[in-house]
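Input: a single structure, listed below in structure tokens.
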Amino acid sequence: MPDNFSIPRLLMNRLRAVMAADIDPDSRLQRVVRLVADTMVGDVCSIYRRTEDHRLELIATEGLSPEAVHRTFLGFGEGLVGQIATHAQPLSIQDAPRHPSFSYRPETGEDPYHAFLGVPILRGGQVVGVLTVQNRTERTYEDDEIESLQTIAMVLAEIVTGRSSATEGNGPERAGRPVNLRGRILCDGLGLGRVRLHDPVIPAAKFFAVDPDLEERRLVGALEELHISIDRLLAAEIGGLWGEPRDVIEAYKLLASDPGWAERLREGVRSGLSAEASIDRMRREHRARFENVRDTYLRERLHDLEDLDNRLLRILAGHDEQDTTGPDIGDEPEVLVARRLGPAELLDYGQKNFAAIILEEVSASSHAAIVARGLGIPTVGGIEGLLTQVSRGDTVIVDGEEGSVHIRPDEGLLRAFGERRKLLSERQAAFLALRGEPSETLDHVDIRLMLNAGLGLDLDHLNSTGAAGIGLFRTEFQFLMSDTLPRLHDQIDLYRNVLDSADGRPVYFRTVDLGGDKLLPNLNDLREENPALGWRSIRFALDRPGLFRRQLRALVRAAAGRSLNVMFPMLTTVHEFRDARALLQKELDWSAAAGFVPPSDLKVGAMLETPAFAYALEDLGGEVDFISIGTNDLLQFFHAADRMTPVVADRYPFVSRPVMRFLKQVRQTCDRLGIPISVCGEGAGHPLQALCLIAVGYRSLSMPAGGIGPVKRMLRSLDLGAFQSDFEALLNQTSPRLGNGLLELVVTHGIKLADA
Ligand code: PEP
Ligand code: MG
């Protein structure tokens with residue numbers, strides 16, 4: 001990208017004159033395309049407008065056949081224009097007819113044109129049209145030409161939607177068109193409410209600077225106000241749930257003081273844009289760069305920059321604080337819609353109880369998903385282009401059971417949703433009633449059901465589910481929730497709080513499991529080809545003894561006079577266990593020497609998450625107090641299928657002969673060595689999978705809160721002795737697929753699978 005704006009002031013002045021002219025809308029558009037074609041030295045310039053039935057209609061052209069106007073329509077995704085609309089991204093092509101997406105429309109007479117440049121016309125984050133330029137000869141459009149066309153598109157948004165504002169865009173008719181989208185379940189459950197946009201895009205109120213000098217003064221004034229407001233933030237005592245946010249704000253302040261940023265904004269104003277339009281333009285550029293950057297750290301910084309743009313726009317609009325209440329949509333439940341959302345941002349909404357959350361990005365927002373789970377808010381993520389499909393106030397159904405989202409649902413869907421919600425709440429009430437019942441099979445085999453947790457928020461589930469304790473406490477969440485490392489006392493406080501809430505029930509603290517998808521940008525800047533197989537988990541912790549020992553110290557101190565269960569994640573070798581155990585011993589010795597009360601009882605375990613470690617157990621024998629199997633990671637390594645890539649992760653079932661034979665073998669080895677064993681991956685929370693685990697000998701399962709009711713219901717209907725022998729026989733057969741045969745057994749044995 002070049003360093004300065006290239007939109008000549010002359011073009012801005014001419015565009016402003018065209019916009020202000022007292023002429024009919026079609027003539028105005030015609031003048032615009034002629035002006036743009038002239039300025040961009042294009043042989044063609046065309047404008048396509050999004051219609052209410054979600055197509056793109058050619059509404060003005062200079063260079064293509066005039067007969068094609070209002071006669072040429074393209075679907076979203078169809079042809080180059082449709083691609084631009086779908087992805088909301090510019091597209092520049094040297095030789096368009098050779099592009100695989102090129103769609104030839106004879107009525108337009110576009111055969112002789114080769115070079116093609118198109119940009120989306122966006123309004124309020126939504127694609128309302130497409131603006132294109134074409135040239136007869138093959139050529140490459142320069143970055144500044146693309147930028148110029150984007151600026152023009154920004155100005156055009158008003159008249160493109162203005163022509164039809166009664167019937168489309170954010171208008172009432174659009175509100176009637178239902179859209180169904182699919183995503184990934186981040187927290188299950190059902191939610192219905194009106195859309196509330198997180199960080200709503202404030203559209204620029206005016207595009208042209210009537211008096212550029214005055215406009216520059218407005219901009220400079222807003223920049224000054226921005227600095228003052230950030231200083232105010234810095235000066236304030238900001239507690240923050242997850243530690244000290246001061247560093248973040250410092251970094252933010254640094255970005256805000258970047259002279260390059262301010263200078264580019266001023267150049268925009270000098271070229272004839274209004275202050276708002278100049279910021280809006282910058283924001284689009286930041287967003288475009290953001291889309292192309294994969295590095296987590298850089299993405300965070302670009303997100304901050306975009307946030308600054310928004311803050312500045314709000315100052316110009318007269319309200320500089322983050323608008324957390326938004327326009328009033330009454331008392332109706334709200335569904336929070338965001339492109340991405342940091343966990344702290346979600347917590348910033350405080351007591352606000354969202355009916356559901358929908359996110360465009362899945363992995364960057366997974367930490368928010370963790371918080372959402374802690375809060376029990378149904379959440380669906382990974383929906384590309386989500387923000388171009390919704391408007392504030394739209395009714396939306398979030399189906400966190402199926403992973404679908406229904407925007408502006410029709411009556412039929414709303415009725416069906418009502419039915420499902422009724423069923424779900426009946427089911428939940430039934431699970432709640434089971435809370436106090438023993439967790440044992442019909443033939444009186446006790447199965448210990450424990451909770452997976454990782455936030456203070458999860459602790460409420462201990463009582464609501466009747467869990468026997470916390471089988472996995474993911475300590476790294478505290479690290480992920482803050483941009484700075486939690487201090488010793490923050491960690492002690494959290495662990496103490498967890499032990500208090502457990503009130504004597506066992507808690508298994510898993511030591512920091514960072515790396516892989518749980519990235520801390522400031523700690524790990526390694527660029528890894530395969531992060532899941534890389535510098536993560538115990539490997540990372542052992543290489544960071546300062547960080548690791550501080551955590552072990554916090555655990556020892558928090559457990560003063562109480563039982564402490566600690567387990568190390570993702571071990572591959574015996575030495576890793578011994579090294580980690582030795583560090584823990586150092587901390588125990590240190591605490592004792594310093595006069596702190598030691599834990600009353602200590603158990604040190606290992607998570608079995610790599611196949612190699614299963615074969616190391618023999619060597620470890622009595623050194624380890626317990627084993628907990630992390631099936632999420634174990635299965636990804638067992639199948640060589642990345643758990644974060646749904647297209648492969650969902651391909652190899654948990655319920656399969658190889659997995660069950662392996663888990664049975666591990667259980668037998670542990671029994672022989674006298675090592676207690678349990679399972680704590682998410683899989684243990686699915687009744688059918690839990691059934692298999694119980695059948696191959698596991699008696700202790702730890703799972704997300706939502707799994708405890710359904711699994712308990714299942715096992716209380718199970719005659720384990722009778723089922724086990726049939727299951728063994730099925731496991732030893734070669735066909736049918738284990739899953740199919742298993743379902744037959746479930747029916748013959750009358751086992752209650754919650755969802756069956
Ligand atoms: C697992 O891998 O199964 C596990 C429990 O750990 P995490 O999901 O946190 O990696
Ligand atoms: Mg794991």
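Chain labels run A, B, ... following the order of the structure tokens; each chain numbers its residues from 1, and ligands are numbered from 1 in the order shown.
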- Task: Find the spatial neighbours of A:Leu753, counting only C-alpha atoms, within a cut-off of 10 Å - ignore same-chain residues fewer than 5 positions away - and output them as a ChimeraX atom specification.
- Result: /A:686-688,691,710-715,717,743,746-747
- Would you mind listing what lies within 6 Å of A:Gly382 as a list of chain:residue names, with only C-alpha atoms counted and same-chain residues fewer than 2 positions away left out? A:Gly183, A:Arg184, A:Glu360, A:Glu361, A:Val362
Selection from above, N, CA, C and O atoms, as an mmCIF file, in the first residue's frame, can you write it?
```cif
data_model
loop_
_atom_site.group_PDB
_atom_site.id
_atom_site.type_symbol
_atom_site.label_atom_id
_atom_site.label_comp_id
_atom_site.auth_asym_id
_atom_site.auth_seq_id
_atom_site.Cartn_x
_atom_site.Cartn_y
_atom_site.Cartn_z
ATOM 1 N N GLY A 183 -22.609 -22.941 11.234
ATOM 2 C CA GLY A 183 -21.320 -22.639 11.849
ATOM 3 C C GLY A 183 -20.890 -23.777 12.744
ATOM 4 O O GLY A 183 -21.356 -24.909 12.582
ATOM 5 N N ARG A 184 -20.038 -23.439 13.654
ATOM 6 C CA ARG A 184 -19.504 -24.444 14.559
ATOM 7 C C ARG A 184 -20.029 -24.203 15.961
ATOM 8 O O ARG A 184 -20.062 -23.063 16.418
ATOM 9 N N GLU A 360 -18.126 -14.425 13.820
ATOM 10 C CA GLU A 360 -17.680 -14.703 12.465
ATOM 11 C C GLU A 360 -16.436 -15.591 12.486
ATOM 12 O O GLU A 360 -16.297 -16.517 11.720
ATOM 13 N N GLU A 361 -15.520 -15.270 13.365
ATOM 14 C CA GLU A 361 -14.265 -16.026 13.405
ATOM 15 C C GLU A 361 -14.353 -17.104 14.455
ATOM 16 O O GLU A 361 -14.883 -16.876 15.526
ATOM 17 N N VAL A 362 -13.791 -18.255 14.132
ATOM 18 C CA VAL A 362 -13.932 -19.303 15.121
ATOM 19 C C VAL A 362 -12.728 -19.438 16.020
ATOM 20 O O VAL A 362 -12.836 -19.391 17.231
#
```
- Could you tell me, counting only C-alpha atoms and all ligand atoms, which protein and nucleic acid residues lie no more than 7 Å from ligand 2, written as a ChimeraX atom specification? /A:569-570,609,630,632-633
Using N, CA, C and O atoms, can you write the selected residues to a file as a PDB file, in the first residue's frame?
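Output file again-v3.pdb is given in full below:
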```pdb
ATOM      1  N   PRO A 569       0.272 -31.813  31.721  1.00  0.00           N
ATOM      2  CA  PRO A 569      -0.374 -32.122  30.443  1.00  0.00           C
ATOM      3  C   PRO A 569       0.577 -32.630  29.355  1.00  0.00           C
ATOM      4  O   PRO A 569       1.767 -32.332  29.364  1.00  0.00           O
ATOM      5  N   MET A 570       0.032 -33.382  28.464  1.00  0.00           N
ATOM      6  CA  MET A 570       0.660 -33.808  27.209  1.00  0.00           C
ATOM      7  C   MET A 570       2.092 -34.317  27.353  1.00  0.00           C
ATOM      8  O   MET A 570       3.009 -33.818  26.701  1.00  0.00           O
ATOM      9  N   GLU A 609      -1.945 -37.993  26.701  1.00  0.00           N
ATOM     10  CA  GLU A 609      -2.513 -37.356  25.505  1.00  0.00           C
ATOM     11  C   GLU A 609      -1.721 -37.702  24.248  1.00  0.00           C
ATOM     12  O   GLU A 609      -2.054 -37.249  23.159  1.00  0.00           O
ATOM     13  N   GLY A 630      -6.534 -37.360  28.225  1.00  0.00           N
ATOM     14  CA  GLY A 630      -7.092 -36.206  27.510  1.00  0.00           C
ATOM     15  C   GLY A 630      -7.418 -36.660  26.097  1.00  0.00           C
ATOM     16  O   GLY A 630      -6.566 -36.653  25.214  1.00  0.00           O
ATOM     17  N   ASN A 632      -9.179 -35.381  23.774  1.00  0.00           N
ATOM     18  CA  ASN A 632      -9.182 -34.397  22.678  1.00  0.00           C
ATOM     19  C   ASN A 632      -7.851 -34.443  21.940  1.00  0.00           C
ATOM     20  O   ASN A 632      -7.795 -34.545  20.716  1.00  0.00           O
ATOM     21  N   ASP A 633      -6.781 -34.343  22.707  1.00  0.00           N
ATOM     22  CA  ASP A 633      -5.465 -34.383  22.076  1.00  0.00           C
ATOM     23  C   ASP A 633      -5.085 -35.808  21.684  1.00  0.00           C
ATOM     24  O   ASP A 633      -4.553 -36.033  20.602  1.00  0.00           O
TER      25      ASP A 633
END
```
- Please check which protein, DNA or RNA residues sit within 10 Å of ligand 1, counting only C-alpha atoms and all ligand atoms, and write them as a ChimeraX atom specification. /A:452-454,471-477,510,512-518,532,537,569-570,607-610,628-636,643,679-684,702-703
Store the residues of this selection in a file with C-alpha atoms, as an mmCIF file, in the first residue's frame.
```
data_model
loop_
_atom_site.group_PDB
_atom_site.id
_atom_site.type_symbol
_atom_site.label_atom_id
_atom_site.label_comp_id
_atom_site.auth_asym_id
_atom_site.auth_seq_id
_atom_site.Cartn_x
_atom_site.Cartn_y
_atom_site.Cartn_z
ATOM 1 C CA ASN A 452 -14.202 -29.827 33.476
ATOM 2 C CA ALA A 453 -13.696 -26.186 34.420
ATOM 3 C CA GLY A 454 -11.262 -23.379 33.878
ATOM 4 C CA GLY A 471 -11.691 -33.668 37.189
ATOM 5 C CA LEU A 472 -9.878 -31.113 35.056
ATOM 6 C CA PHE A 473 -9.205 -27.521 35.984
ATOM 7 C CA ARG A 474 -7.591 -25.814 32.989
ATOM 8 C CA THR A 475 -5.297 -23.338 34.704
ATOM 9 C CA GLU A 476 -4.075 -21.749 31.484
ATOM 10 C CA PHE A 477 -7.388 -19.944 30.960
ATOM 11 C CA ARG A 510 -3.855 -29.302 35.279
ATOM 12 C CA VAL A 512 -0.376 -24.587 32.292
ATOM 13 C CA ASP A 513 -1.159 -26.053 28.915
ATOM 14 C CA LEU A 514 -0.191 -23.218 26.600
ATOM 15 C CA GLY A 515 0.777 -23.331 22.931
ATOM 16 C CA GLY A 516 -1.025 -25.047 20.066
ATOM 17 C CA ASP A 517 -4.296 -23.167 19.722
ATOM 18 C CA LYS A 518 -3.824 -21.573 23.147
ATOM 19 C CA ALA A 532 -0.436 -28.798 17.751
ATOM 20 C CA SER A 537 2.074 -27.797 26.914
ATOM 21 C CA PRO A 569 -0.374 -32.122 30.443
ATOM 22 C CA MET A 570 0.660 -33.808 27.209
ATOM 23 C CA MET A 607 -2.270 -36.602 31.398
ATOM 24 C CA LEU A 608 -2.052 -39.248 28.757
ATOM 25 C CA GLU A 609 -2.513 -37.356 25.505
ATOM 26 C CA THR A 610 0.134 -38.890 23.253
ATOM 27 C CA SER A 628 -6.014 -38.826 33.265
ATOM 28 C CA ILE A 629 -6.617 -39.374 29.564
ATOM 29 C CA GLY A 630 -7.092 -36.206 27.510
ATOM 30 C CA THR A 631 -8.997 -37.676 24.616
ATOM 31 C CA ASN A 632 -9.182 -34.397 22.678
ATOM 32 C CA ASP A 633 -5.465 -34.383 22.076
ATOM 33 C CA LEU A 634 -4.938 -38.118 22.282
ATOM 34 C CA LEU A 635 -7.341 -38.764 19.416
ATOM 35 C CA GLN A 636 -5.850 -36.086 17.204
ATOM 36 C CA ARG A 643 -8.703 -31.334 16.203
ATOM 37 C CA VAL A 679 -10.815 -39.765 31.237
ATOM 38 C CA CYS A 680 -11.196 -35.994 30.995
ATOM 39 C CA GLY A 681 -11.581 -35.117 27.299
ATOM 40 C CA GLU A 682 -14.795 -33.531 26.011
ATOM 41 C CA GLY A 683 -15.751 -36.925 24.544
ATOM 42 C CA ALA A 684 -16.547 -38.281 27.986
ATOM 43 C CA SER A 702 -14.677 -35.723 33.725
ATOM 44 C CA MET A 703 -16.628 -33.596 31.266
#
```
Please provide as a tab-separated table (two decimals) with C-alpha atoms, in the first residue's frame all residues within 8 Å of A:Val18, with the sequence filter that same-chain residues fewer than 4 positions apart are discarded (counting only C-alpha atoms).
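Below is the file result36.tsv, written as the result:
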```
chain	number	residue	atom	x	y	z
A	14	ARG	CA	-16.46	16.67	-9.17
A	28	ARG	CA	-26.69	10.90	-11.45
A	31	ARG	CA	-22.60	10.83	-14.57
A	32	VAL	CA	-20.72	9.07	-11.80
```
- Query: How far is it from atom CA of A:Thr669 to atom CA of A:Ala606, in Å with one decimal?
  - Reply: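 Answer for the atom CA of A:Thr669 to atom CA of A:Ala606 separation: 14.6 Å.
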- Pull the strand (DSSP E) assignments for stretch 475-542 of chain A out of DSSP run on the backbone, and list those residues as JSON, numbers by chain. {"A": [507, 508, 509, 510]}
- Quick one: residues within 10 Å of A:Asp43, only C-alpha atoms counted, chain neighbours fewer than 4 positions away excluded, as a list of chain:residue names?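 Here the answer would be A:Arg34, A:Ala37, A:Asp38, A:Glu62, A:Gly63, A:Leu64, A:Tyr113, A:Ala115, A:Val133, A:Gln134, A:Asn135, A:Arg136, A:Thr137.
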- Nearest to A:Val33 by atom-to-atom distance, counting only C-alpha atoms, from A:Glu67, A:Asp619, A:Gly79, A:Ile152: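 Looking at the shortest contact to A:Val33, the residue is A:Ile152.
Distance annotation: of A:His99, A:Arg415, A:His87, A:His749, the residue with the minimal separation from A:Ser725 is A:His749; atom set is only C-alpha atoms.
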- Item | Counting only C-alpha atoms, the residue of A:Ile751, A:Leu181, A:Ala502, A:Leu663 that sits nearest A:Leu442 |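 Comparing A:Ile751, A:Leu181, A:Ala502, A:Leu663 against A:Leu442, the winner is A:Ile751.
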- atom CA of A:Asp579 to atom CA of A:Leu564, straight-line distance in Å: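 Spanning atom CA of A:Leu564 to atom CA of A:Asp579 is a straight-line distance of 18.8 Å.
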- So, counting only C-alpha atoms, which residue among A:Thr51, A:Ser92, A:Gln30, A:Thr388 is closest to A:Leu122? A:Thr388
- Message: Between atom CA of A:Leu149 and atom CA of A:Cys45, what is the distance in Å, rounded to a tenth?
- Response: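 Atom-to-atom, atom CA of A:Leu149 and atom CA of A:Cys45 are spaced 10.5 Å apart.
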- Near-A:Asp458 list (10 Å; only C-alpha atoms; drop same-chain fewer than 6 positions) as a list of chain:residue names: A:Ile370, A:Val371, A:Arg373, A:Gly374, A:Leu375, A:Gly376, A:Leu451, A:Asn452, A:Phe473, A:Val498, A:Pro704, A:Ala705
Please produce a file of those selected residues containing all heavy atoms, as an mmCIF file, in the first residue's frame.
```
data_model
loop_
_atom_site.group_PDB
_atom_site.id
_atom_site.type_symbol
_atom_site.label_atom_id
_atom_site.label_comp_id
_atom_site.auth_asym_id
_atom_site.auth_seq_id
_atom_site.Cartn_x
_atom_site.Cartn_y
_atom_site.Cartn_z
ATOM 1 N N ILE A 370 -14.894 -19.965 25.441
ATOM 2 C CA ILE A 370 -14.672 -20.586 26.747
ATOM 3 C C ILE A 370 -15.443 -19.813 27.815
ATOM 4 O O ILE A 370 -16.106 -20.382 28.668
ATOM 5 C CB ILE A 370 -13.159 -20.587 27.068
ATOM 6 C CG1 ILE A 370 -12.457 -21.567 26.133
ATOM 7 C CG2 ILE A 370 -12.910 -20.958 28.518
ATOM 8 C CD1 ILE A 370 -10.977 -21.274 25.983
ATOM 9 N N VAL A 371 -15.365 -18.476 27.717
ATOM 10 C CA VAL A 371 -16.109 -17.651 28.675
ATOM 11 C C VAL A 371 -17.603 -17.874 28.477
ATOM 12 O O VAL A 371 -18.363 -18.028 29.442
ATOM 13 C CB VAL A 371 -15.771 -16.154 28.491
ATOM 14 C CG1 VAL A 371 -16.574 -15.313 29.462
ATOM 15 C CG2 VAL A 371 -14.293 -15.922 28.714
ATOM 16 N N ARG A 373 -19.080 -20.448 27.447
ATOM 17 C CA ARG A 373 -19.428 -21.735 28.048
ATOM 18 C C ARG A 373 -19.554 -21.595 29.567
ATOM 19 O O ARG A 373 -20.471 -22.112 30.164
ATOM 20 C CB ARG A 373 -18.346 -22.756 27.707
ATOM 21 C CG ARG A 373 -18.915 -23.967 27.018
ATOM 22 C CD ARG A 373 -17.808 -24.855 26.518
ATOM 23 N NE ARG A 373 -17.476 -24.532 25.150
ATOM 24 C CZ ARG A 373 -16.260 -24.572 24.630
ATOM 25 N NH1 ARG A 373 -15.234 -24.899 25.357
ATOM 26 N NH2 ARG A 373 -16.072 -24.291 23.368
ATOM 27 N N GLY A 374 -18.599 -20.828 30.126
ATOM 28 C CA GLY A 374 -18.652 -20.610 31.571
ATOM 29 C C GLY A 374 -19.946 -19.910 31.964
ATOM 30 O O GLY A 374 -20.505 -20.161 33.023
ATOM 31 N N LEU A 375 -20.409 -19.008 31.091
ATOM 32 C CA LEU A 375 -21.630 -18.261 31.383
ATOM 33 C C LEU A 375 -22.874 -19.025 30.929
ATOM 34 O O LEU A 375 -23.990 -18.577 31.161
ATOM 35 C CB LEU A 375 -21.597 -16.901 30.660
ATOM 36 C CG LEU A 375 -20.525 -15.899 31.099
ATOM 37 C CD1 LEU A 375 -20.410 -14.766 30.100
ATOM 38 C CD2 LEU A 375 -20.842 -15.342 32.474
ATOM 39 N N GLY A 376 -22.647 -20.132 30.211
ATOM 40 C CA GLY A 376 -23.778 -20.937 29.716
ATOM 41 C C GLY A 376 -24.545 -20.257 28.597
ATOM 42 O O GLY A 376 -25.756 -20.419 28.499
ATOM 43 N N LEU A 451 -16.418 -32.622 36.777
ATOM 44 C CA LEU A 451 -16.627 -31.450 35.919
ATOM 45 C C LEU A 451 -15.310 -30.946 35.327
ATOM 46 O O LEU A 451 -14.301 -30.906 36.021
ATOM 47 C CB LEU A 451 -17.224 -30.357 36.813
ATOM 48 C CG LEU A 451 -17.630 -29.046 36.175
ATOM 49 C CD1 LEU A 451 -18.824 -29.258 35.261
ATOM 50 C CD2 LEU A 451 -17.996 -28.039 37.274
ATOM 51 N N ASN A 452 -15.341 -30.556 34.058
ATOM 52 C CA ASN A 452 -14.202 -29.827 33.476
ATOM 53 C C ASN A 452 -14.474 -28.335 33.668
ATOM 54 O O ASN A 452 -15.551 -27.846 33.325
ATOM 55 C CB ASN A 452 -14.079 -30.086 31.978
ATOM 56 C CG ASN A 452 -13.601 -31.497 31.683
ATOM 57 O OD1 ASN A 452 -13.235 -32.241 32.585
ATOM 58 N ND2 ASN A 452 -13.599 -31.860 30.415
ATOM 59 N N PHE A 473 -9.145 -28.983 35.901
ATOM 60 C CA PHE A 473 -9.205 -27.521 35.984
ATOM 61 C C PHE A 473 -8.115 -26.984 35.075
ATOM 62 O O PHE A 473 -6.929 -27.188 35.314
ATOM 63 C CB PHE A 473 -9.042 -27.007 37.420
ATOM 64 C CG PHE A 473 -9.335 -25.540 37.502
ATOM 65 C CD1 PHE A 473 -10.640 -25.087 37.655
ATOM 66 C CD2 PHE A 473 -8.323 -24.602 37.353
ATOM 67 C CE1 PHE A 473 -10.930 -23.727 37.672
ATOM 68 C CE2 PHE A 473 -8.611 -23.242 37.365
ATOM 69 C CZ PHE A 473 -9.908 -22.802 37.524
ATOM 70 N N VAL A 498 -11.170 -21.852 43.884
ATOM 71 C CA VAL A 498 -11.645 -23.120 43.315
ATOM 72 C C VAL A 498 -11.778 -24.156 44.430
ATOM 73 O O VAL A 498 -12.793 -24.859 44.527
ATOM 74 C CB VAL A 498 -10.656 -23.623 42.233
ATOM 75 C CG1 VAL A 498 -11.069 -24.996 41.719
ATOM 76 C CG2 VAL A 498 -10.579 -22.641 41.085
ATOM 77 N N PRO A 704 -17.532 -31.510 30.335
ATOM 78 C CA PRO A 704 -18.157 -30.190 30.469
ATOM 79 C C PRO A 704 -19.491 -30.321 31.208
ATOM 80 O O PRO A 704 -20.124 -31.389 31.162
ATOM 81 C CB PRO A 704 -18.398 -29.748 29.024
ATOM 82 C CG PRO A 704 -17.551 -30.629 28.180
ATOM 83 C CD PRO A 704 -17.334 -31.892 28.936
ATOM 84 N N ALA A 705 -19.922 -29.233 31.835
ATOM 85 C CA ALA A 705 -21.119 -29.279 32.677
ATOM 86 C C ALA A 705 -22.323 -29.882 31.954
ATOM 87 O O ALA A 705 -23.072 -30.680 32.525
ATOM 88 C CB ALA A 705 -21.451 -27.874 33.161
#
```
- Best match for closeness to A:Leu336 among A:Gly191, A:Gly118, A:Gly595, A:Gly469, counting only C-alpha atoms: A:Gly191
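When only C-alpha atoms are used to compute distances to A:Asp144, the closest of the residues A:Val128, A:Met40, A:Ser257, A:Leu738 turns out to be A:Met40.
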